[in-house]
Structure formats: C-alpha cells, structure tokens
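Undergrad: Hey, dropping model.pdb in here, PDB, C-alpha atoms and all ligand atoms:
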```
ATOM      1  CA  MET T   1       7.516  -9.052 -11.913
ATOM      2  CA  SER T   2       5.840  -5.842 -10.911
ATOM      3  CA  LEU T   3       5.231  -4.745  -7.324
ATOM      4  CA  THR T   4       1.776  -3.510  -6.353
ATOM      5  CA  ALA T   5       2.233  -0.087  -4.760
ATOM      6  CA  GLY T   6      -0.754   1.144  -2.772
ATOM      7  CA  VAL T   7      -1.062   4.907  -2.368
ATOM      8  CA  VAL T   8      -3.759   5.988   0.073
ATOM      9  CA  ALA T   9      -5.667   8.564  -1.958
ATOM     10  CA  VAL T  10      -7.840  10.339   0.593
ATOM     11  CA  GLN T  11      -5.966  13.635   0.433
ATOM     12  CA  GLY T  12      -2.602  14.979  -0.561
ATOM     13  CA  ASP T  13      -0.224  14.449  -3.439
ATOM     14  CA  PHE T  14      -1.071  10.859  -4.217
ATOM     15  CA  ARG T  15      -0.339  11.218  -7.938
ATOM     16  CA  GLU T  16       3.079  12.734  -7.270
ATOM     17  CA  HIS T  17       3.802   9.913  -4.821
ATOM     18  CA  ALA T  18       2.759   7.307  -7.381
ATOM     19  CA  ALA T  19       5.112   8.887  -9.931
ATOM     20  CA  ALA T  20       7.952   8.995  -7.388
ATOM     21  CA  ILE T  21       7.462   5.303  -6.548
ATOM     22  CA  GLU T  22       7.667   4.432 -10.255
ATOM     23  CA  ARG T  23      10.861   6.493 -10.633
ATOM     24  CA  ALA T  24      12.416   4.937  -7.526
ATOM     25  CA  ALA T  25      11.516   1.449  -8.775
ATOM     26  CA  ARG T  26      13.177   2.120 -12.145
ATOM     27  CA  ALA T  27      16.292   3.454 -10.405
ATOM     28  CA  HIS T  28      16.516   0.126  -8.554
ATOM     29  CA  GLY T  29      15.835  -2.014 -11.615
ATOM     30  CA  GLU T  30      12.316  -2.903 -10.428
ATOM     31  CA  ARG T  31       8.811  -2.185 -11.623
ATOM     32  CA  ALA T  32       5.922  -0.876  -9.526
ATOM     33  CA  ASP T  33       2.250  -0.553 -10.402
ATOM     34  CA  PRO T  34       0.647   2.197  -8.284
ATOM     35  CA  VAL T  35      -2.960   1.735  -7.151
ATOM     36  CA  GLU T  36      -5.027   4.450  -5.476
ATOM     37  CA  ILE T  37      -6.639   3.291  -2.255
ATOM     38  CA  ARG T  38      -9.836   4.778  -0.879
ATOM     39  CA  SER T  39     -11.674   1.765   0.496
ATOM     40  CA  SER T  40     -10.862  -1.562   2.073
ATOM     41  CA  GLY T  41     -10.022  -4.759   0.207
ATOM     42  CA  THR T  42      -6.994  -3.695  -1.847
ATOM     43  CA  ILE T  43      -4.299  -3.187   0.779
ATOM     44  CA  PRO T  44      -3.894  -6.938   1.452
ATOM     45  CA  ASP T  45      -2.711  -7.315  -2.182
ATOM     46  CA  CYS T  46      -0.162  -4.495  -1.918
ATOM     47  CA  ASP T  47       3.557  -5.140  -1.654
ATOM     48  CA  LEU T  48       4.239  -1.633  -0.409
ATOM     49  CA  LEU T  49       2.152   1.209   0.893
ATOM     50  CA  LEU T  50       2.289   4.978   1.027
ATOM     51  CA  LEU T  51       0.339   7.267   3.340
ATOM     52  CA  PRO T  52       0.569  10.869   2.014
ATOM     53  CA  GLY T  53       0.185  14.208   3.757
ATOM     54  CA  GLY T  54      -2.896  16.401   3.968
ATOM     55  CA  GLU T  55      -4.861  16.967   7.141
ATOM     56  CA  SER T  56      -4.220  14.369   9.802
ATOM     57  CA  THR T  57      -7.624  14.572  11.526
ATOM     58  CA  ALA T  58      -9.481  14.071   8.225
ATOM     59  CA  ILE T  59      -7.168  11.297   7.095
ATOM     60  CA  SER T  60      -7.399   9.387  10.364
ATOM     61  CA  ASN T  61     -11.215   9.639  10.325
ATOM     62  CA  HIS T  62     -11.343   8.268   6.806
ATOM     63  CA  LEU T  63      -8.972   5.399   7.620
ATOM     64  CA  GLN T  64     -11.063   4.339  10.596
ATOM     65  CA  ARG T  65     -14.414   4.735   8.842
ATOM     66  CA  GLU T  66     -13.414   2.777   5.738
ATOM     67  CA  GLY T  67     -11.651  -0.013   7.600
ATOM     68  CA  LEU T  68      -8.285   0.987   6.153
ATOM     69  CA  ALA T  69      -6.625   1.502   9.534
ATOM     70  CA  ASP T  70      -6.699  -2.202  10.416
ATOM     71  CA  GLU T  71      -5.476  -3.154   6.947
ATOM     72  CA  ILE T  72      -2.498  -0.769   7.173
ATOM     73  CA  VAL T  73      -1.595  -2.162  10.600
ATOM     74  CA  ALA T  74      -1.834  -5.736   9.223
ATOM     75  CA  HIS T  75       0.345  -4.770   6.210
ATOM     76  CA  VAL T  76       3.118  -3.563   8.534
ATOM     77  CA  ALA T  77       2.698  -6.567  10.851
ATOM     78  CA  GLU T  78       3.596  -8.726   7.822
ATOM     79  CA  GLY T  79       6.841  -6.776   7.539
ATOM     80  CA  LYS T  80       5.834  -5.015   4.329
ATOM     81  CA  PRO T  81       7.112  -1.437   3.868
ATOM     82  CA  LEU T  82       5.149   1.734   4.546
ATOM     83  CA  LEU T  83       6.221   5.315   3.851
ATOM     84  CA  ALA T  84       4.185   7.887   5.791
ATOM     85  CA  THR T  85       4.734  11.566   5.033
ATOM     86  CA  CYS T  86       3.726  14.691   6.933
ATOM     87  CA  ALA T  87       0.087  14.192   8.016
ATOM     88  CA  GLY T  88       0.654  10.505   7.203
ATOM     89  CA  LEU T  89       3.511  10.523   9.705
ATOM     90  CA  ILE T  90       1.236  12.107  12.312
ATOM     91  CA  VAL T  91      -1.345   9.340  11.839
ATOM     92  CA  ALA T  92       1.313   6.590  11.848
ATOM     93  CA  CYS T  93       2.876   7.746  15.144
ATOM     94  CA  ALA T  94       1.883   6.794  18.652
ATOM     95  CA  ASP T  95       0.577  10.176  19.772
ATOM     96  CA  ALA T  96       0.183  13.788  18.616
ATOM     97  CA  GLY T  97      -1.508  15.137  21.733
ATOM     98  CA  ASP T  98      -4.659  15.733  19.688
ATOM     99  CA  GLU T  99      -7.641  13.549  20.455
ATOM    100  CA  ARG T 100      -9.103  14.097  16.976
ATOM    101  CA  VAL T 101      -6.277  12.051  15.496
ATOM    102  CA  GLU T 102      -6.665   8.263  15.702
ATOM    103  CA  HIS T 103      -3.155   6.884  15.687
ATOM    104  CA  LEU T 104      -2.034   3.718  13.981
ATOM    105  CA  ASN T 105       0.805   3.395  16.498
ATOM    106  CA  LEU T 106       3.238   2.069  13.895
ATOM    107  CA  ILE T 107       6.070   4.465  14.726
ATOM    108  CA  ASP T 108       7.211   4.514  18.330
ATOM    109  CA  ALA T 109       7.346   8.297  18.624
ATOM    110  CA  VAL T 110       5.219  11.284  19.532
ATOM    111  CA  VAL T 111       4.735  14.148  17.091
ATOM    112  CA  GLU T 112       3.813  17.776  17.435
ATOM    113  CA  ARG T 113       1.495  19.074  14.720
ATOM    114  CA  ASN T 114       2.261  22.366  12.932
ATOM    115  CA  ALA T 115       5.409  22.610  15.002
ATOM    116  CA  PHE T 116       7.489  24.994  12.929
ATOM    117  CA  GLY T 117       5.343  28.041  13.572
ATOM    118  CA  ARG T 118       4.115  30.754  11.264
ATOM    119  CA  GLN T 119       7.399  32.084   9.995
ATOM    120  CA  ARG T 120       8.383  28.675   8.848
ATOM    121  CA  ASP T 121       4.957  27.594   7.664
ATOM    122  CA  SER T 122       6.575  26.329   4.471
ATOM    123  CA  PHE T 123      10.246  26.068   3.717
ATOM    124  CA  GLU T 124      12.787  24.001   1.884
ATOM    125  CA  THR T 125      16.135  22.845   3.199
ATOM    126  CA  GLU T 126      18.926  20.499   2.218
ATOM    127  CA  LEU T 127      18.729  17.705   4.744
ATOM    128  CA  GLY T 128      21.282  15.039   5.578
ATOM    129  CA  VAL T 129      19.464  11.701   5.753
ATOM    130  CA  THR T 130      20.962   8.445   7.031
ATOM    131  CA  GLY T 131      21.179   6.066   4.087
ATOM    132  CA  LEU T 132      21.490   8.789   1.421
ATOM    133  CA  ASP T 133      24.905   9.841   0.111
ATOM    134  CA  GLU T 134      23.947  13.439  -0.679
ATOM    135  CA  PRO T 135      21.582  15.852   1.163
ATOM    136  CA  PHE T 136      17.908  15.631   0.261
ATOM    137  CA  PRO T 137      15.903  18.722  -0.828
ATOM    138  CA  ALA T 138      13.224  18.564   1.861
ATOM    139  CA  VAL T 139      10.018  20.602   1.480
ATOM    140  CA  PHE T 140       8.181  21.268   4.748
ATOM    141  CA  ILE T 141       4.541  22.470   4.644
ATOM    142  CA  ARG T 142       2.849  23.172   7.974
ATOM    143  CA  ALA T 143       4.941  20.275   9.059
ATOM    144  CA  PRO T 144       4.984  18.318  12.274
ATOM    145  CA  ARG T 145       8.184  17.532  14.080
ATOM    146  CA  ILE T 146       8.964  14.443  16.011
ATOM    147  CA  GLY T 147       9.297  14.713  19.765
ATOM    148  CA  GLU T 148      10.137  11.852  22.055
ATOM    149  CA  THR T 149      11.154   8.698  20.237
ATOM    150  CA  GLY T 150      11.060   5.170  21.601
ATOM    151  CA  ASP T 151      12.395   2.149  19.771
ATOM    152  CA  CYS T 152      12.993   3.737  16.377
ATOM    153  CA  GLU T 153      15.932   5.134  14.417
ATOM    154  CA  VAL T 154      16.225   8.855  13.723
ATOM    155  CA  LEU T 155      17.207   9.260  10.046
ATOM    156  CA  ALA T 156      17.259  13.068   9.879
ATOM    157  CA  SER T 157      16.939  16.079  12.177
ATOM    158  CA  PHE T 158      16.297  19.762  11.613
ATOM    159  CA  ASP T 159      16.814  22.475  14.238
ATOM    160  CA  GLY T 160      17.679  19.720  16.706
ATOM    161  CA  HIS T 161      14.400  17.857  16.217
ATOM    162  CA  PRO T 162      13.921  14.550  14.391
ATOM    163  CA  VAL T 163      12.109  14.959  11.064
ATOM    164  CA  ALA T 164      12.582  11.475   9.594
ATOM    165  CA  VAL T 165      12.502   8.159  11.446
ATOM    166  CA  ARG T 166      12.514   4.469  10.721
ATOM    167  CA  ASP T 167      10.630   1.932  12.826
ATOM    168  CA  GLY T 168      11.134  -1.522  11.299
ATOM    169  CA  PRO T 169       9.459  -1.564   7.856
ATOM    170  CA  VAL T 170       8.022   1.940   8.359
ATOM    171  CA  ILE T 171       9.684   5.220   7.404
ATOM    172  CA  GLY T 172       8.025   8.486   8.428
ATOM    173  CA  THR T 173       9.039  11.944   7.212
ATOM    174  CA  ALA T 174       7.783  15.324   8.400
ATOM    175  CA  PHE T 175       8.555  16.728   4.931
ATOM    176  CA  HIS T 176       7.138  16.028   1.461
ATOM    177  CA  PRO T 177       9.567  13.894  -0.563
ATOM    178  CA  GLU T 178       7.132  13.776  -3.514
ATOM    179  CA  LEU T 179       7.474  17.498  -4.282
ATOM    180  CA  THR T 180      10.841  17.350  -5.985
ATOM    181  CA  ASP T 181      12.121  15.084  -8.763
ATOM    182  CA  ASP T 182      14.305  13.353  -6.215
ATOM    183  CA  ALA T 183      12.853   9.898  -5.496
ATOM    184  CA  ARG T 184      15.584   8.721  -3.136
ATOM    185  CA  ILE T 185      13.371   8.702  -0.028
ATOM    186  CA  HIS T 186      10.866   6.481  -1.840
ATOM    187  CA  GLY T 187      13.822   4.323  -2.882
ATOM    188  CA  LEU T 188      15.057   4.106   0.698
ATOM    189  CA  ALA T 189      11.621   3.193   2.034
ATOM    190  CA  PHE T 190      10.704   0.607  -0.580
ATOM    191  CA  PHE T 191      13.668  -0.712  -2.517
ATOM    192  CA  GLU T 192      16.592  -0.827  -0.099
ATOM    193  CA  SER T 193      16.885  -3.150   2.828
ATOM    194  CA  PRO T 194      17.761  -1.375   6.100
ATOM    195  CA  ASP T 195      20.697  -3.743   6.616
ATOM    196  CA  GLY T 196      22.307  -2.679   3.368
TER     197      GLY T 196
HETATM  198  N1  LIG T 201      -0.605  20.416   9.293
HETATM  199  C1  LIG T 201      -1.137  19.170   8.829
HETATM  200  C2  LIG T 201      -1.700  18.344   9.974
HETATM  201  O1  LIG T 201      -1.398  18.576  11.095
HETATM  202  C3  LIG T 201      -0.081  18.385   8.082
HETATM  203  C4  LIG T 201       0.391  19.170   6.892
HETATM  204  C5  LIG T 201       0.843  18.357   5.728
HETATM  205  O2  LIG T 201       0.553  17.154   5.592
HETATM  206  N2  LIG T 201       1.477  19.037   4.815
HETATM  207  O3  LIG T 201      -2.459  17.454   9.736
END
```
Please express the file's structure as structure tokens.

TA:
Amino acid sequence: MSLTAGVVAVQGDFREHAAAIERAARAHGERADPVEIRSSGTIPDCDLLLLPGGESTAISNHLQREGLADEIVAHVAEGKPLLATCAGLIVACADAGDERVEHLNLIDAVVERNAFGRQRDSFETELGVTGLDEPFPAVFIRAPRIGETGDCEVLASFDGHPVAVRDGPVIGTAFHPELTDDARIHGLAFFESPDG
C-alpha cells in the first residue's frame, strides 16, 4: 500500500521534498505517492504532510486564504506526521515576533527569523541530530533559529541554539534537509516512530 504524501507547494523546494520523501520511503521498505497541495480538500486524504521553506509571511497568508491552515492543524490533531522546514518551521511555531506571520501553533516554541545574520546568510554544517547515527549535512539559508521552547524535544542545536525540534507528530528544522541526497530527516519525520 502506498502512503499519500502531501507537499504544500506554495513556495520552496517542493519537488526536491517530494523526491526525498520517495527516497526515505524506499529506504524504509514503504511507498509514498507525493501530491502537490495548493488549495483545500486534499490534505484530509494525506497520510503525511510537508511544509517547505520559502518566505514565511507569504506562506502563512496563502495557508490562511486557501483554508489550508485549518486542514494542517486538523491533520496534526489526528496524530499524522508533519515535517516543517525553515519558513515552514516559522509558520508551524507558536510565535516569531512578527505580526505578518500567522502561526499554526503546532510546535511549542518561539522562533527568530533570519537569525544567523549576514555573514552566515547561507552555510552548511555537519549537525548531530537525535535519532540519526551519523551527523546530517545541514544547509541553512537565511534560516531562523529556535528560541524559547515549551513542551517539545530539541533534536539538534547549532551555536547553542535549537535548530531542530519535535513536538508530538511534528518535526521542525531551521535547515533545508531536501537540498542534499540525504533523506534521513524525512525518514525520521515520516517513517520512524519516536519511541523506536
Ligand atoms: N528567511 C525566510 C523567512 O523568514 C526563511 C528562509 C527559508 O525558508 N529558507 O521567511
């Protein structure tokens, strides 16, 4: 049986994410059929969901306008997995201190947009991630970092700040796991149970 994998396709690397989900599924002996999501009505049929990066204000506007925000919240309320990356993480969190971003409040944490400053606008680093045996090649692009966290698990930190967290069925990363061939973050989010 094949899992329906919704990839919100407003902005960002949705094709790369779809390919990474397929690779991660194969690595776990499963099959996933990616579907691009732009309007409401499809998310309720999805087994798993991915919210890519891009520009968080634009993405959050689109989600609210198209009725996707409520569907994403309902998806998570059913315990189904969501991976939110970079701007997706910003939208999924509780607060980014920016009133133009409408938060889904699915990750009990606050984020700071564009937090790594000019010199580190974009960079790559080998990151230790809870649940992965080997470091992950993490690509950061005008990335947020996670500030105060509530009831969620920090999976990875960089420079003393959390950059990957898990809150129940939701994993959020400040980096872009779709930009390398390594699909282990997608595997962790979708095909491995948190309890091992
Ligand atoms: N800087 C973007 C924002 O704040 C996020 C960047 C990204 O998704 N790569 O929305």

Undergrad: For Thr130 (chain T), which of T:Ala18, T:His62, T:Gly97, T:Ala156 is the closest residue, counting all atoms listed in the file?

TA: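 Ranked by minimum distance to Thr130 (chain T), first place goes to T:Ala156.
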
Undergrad: Please identify the residues whose atoms come within 9 Å of ligand LIG 201 (chain T), using only C-alpha atoms and all ligand atoms, and report them as an MDAnalysis selection string.

TA: chainID T and resid 12 52:59 85:91 101 112:115 122 140:144 174:176

Undergrad: Taking the file as I've supplied it (selection: the PyMOL selection byres (((chain T and resi 41) around 12) and not hetatm)), which residues are included? Please answer as a ChimeraX atom specification.

TA: /T:6,36-40,42-46,66-72,75

Undergrad: Those same residues, written as a PDB file, in the frame of the given file with C-alpha atoms?

TA:
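Below is the file selection.pdb, written as the result:
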```pdb
ATOM      1  CA  GLY T   6      -0.754   1.144  -2.772  1.00  0.00           C
ATOM      2  CA  GLU T  36      -5.027   4.450  -5.476  1.00  0.00           C
ATOM      3  CA  ILE T  37      -6.639   3.291  -2.255  1.00  0.00           C
ATOM      4  CA  ARG T  38      -9.836   4.778  -0.879  1.00  0.00           C
ATOM      5  CA  SER T  39     -11.674   1.765   0.496  1.00  0.00           C
ATOM      6  CA  SER T  40     -10.862  -1.562   2.073  1.00  0.00           C
ATOM      7  CA  THR T  42      -6.994  -3.695  -1.847  1.00  0.00           C
ATOM      8  CA  ILE T  43      -4.299  -3.187   0.779  1.00  0.00           C
ATOM      9  CA  PRO T  44      -3.894  -6.938   1.452  1.00  0.00           C
ATOM     10  CA  ASP T  45      -2.711  -7.315  -2.182  1.00  0.00           C
ATOM     11  CA  CYS T  46      -0.162  -4.495  -1.918  1.00  0.00           C
ATOM     12  CA  GLU T  66     -13.414   2.777   5.738  1.00  0.00           C
ATOM     13  CA  GLY T  67     -11.651  -0.013   7.600  1.00  0.00           C
ATOM     14  CA  LEU T  68      -8.285   0.987   6.153  1.00  0.00           C
ATOM     15  CA  ALA T  69      -6.625   1.502   9.534  1.00  0.00           C
ATOM     16  CA  ASP T  70      -6.699  -2.202  10.416  1.00  0.00           C
ATOM     17  CA  GLU T  71      -5.476  -3.154   6.947  1.00  0.00           C
ATOM     18  CA  ILE T  72      -2.498  -0.769   7.173  1.00  0.00           C
ATOM     19  CA  HIS T  75       0.345  -4.770   6.210  1.00  0.00           C
TER      20      HIS T  75
END
```

Undergrad: Of the candidates T:Gly150, T:Gly79, T:Gly160, T:Pro135, which shows the shortest atom-to-atom distance to Ser193 (chain T), using all atoms listed in the file?

TA: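 Of the candidates, the smallest distance to Ser193 (chain T) is held by T:Gly79.
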
Undergrad: Quick one, how far is CA of Ala94 (chain T) from CA of Asp151 (chain T)?

TA: 11.5 Å

Undergrad: What is the CA of Asp98 (chain T)-CA of Gly117 (chain T) distance in Å, reported with one decimal?

TA: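 These atoms are spaced 17.0 Å apart.
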
Undergrad: Pick out the closest residue to Glu178 (chain T) from this set: T:Glu192, T:Ile21, T:Ala5, T:Val129. Count all atoms listed in the file.

TA: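 The closest residue to Glu178 (chain T) is T:Ile21.
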
Undergrad: Given the PyMOL selection byres (((chain T and resi 4) around 9) and not hetatm) and the file above, list the residues it selects as a PyMOL selection string.

TA: chain T and resi 2-3+5-6+31-35+45-49

Undergrad: Can you work out the spacing between CA of Ala84 (chain T) and CA of Val8 (chain T) in Å, to one decimal?

TA: 10.0 Å

Undergrad: Identify which of the residues T:Ile146, T:Val73, T:Leu127, T:Val111 lies closest to Val170 (chain T), counting all atoms listed in the file when measuring atom-to-atom distances.

TA: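 Comparing T:Ile146, T:Val73, T:Leu127, T:Val111 against Val170 (chain T), the winner is T:Val73.
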
Undergrad: Between T:Asp108, T:Arg166, T:Val10, T:Leu83, which residue has the minimum interatomic distance to Arg65 (chain T), considering only C-alpha atoms?

TA: T:Val10

Undergrad: Might you spell out which residues the PyMOL selection byres (((chain T and resi 20) around 9) and not hetatm) would select in the displayed file, as a list in words?

TA: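 On the file shown, the PyMOL selection byres (((chain T and resi 20) around 9) and not hetatm) covers Arg15, Glu16, His17, Ala18, Ala19, Ile21, Glu22, Arg23, Ala24, Ala25, Pro177, Glu178, Thr180, Asp181, Asp182, Ala183, Arg184, His186 and Gly187 of chain T.
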
Undergrad: My list of candidates is T:Pro162, T:Gly168, T:Gly131, T:Gly29. Which is closest to Glu148 (chain T) when distances are computed with all atoms listed in the file?

TA: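 Checking each of T:Pro162, T:Gly168, T:Gly131, T:Gly29 against Glu148 (chain T), counting all atoms listed in the file, the winner is T:Pro162.
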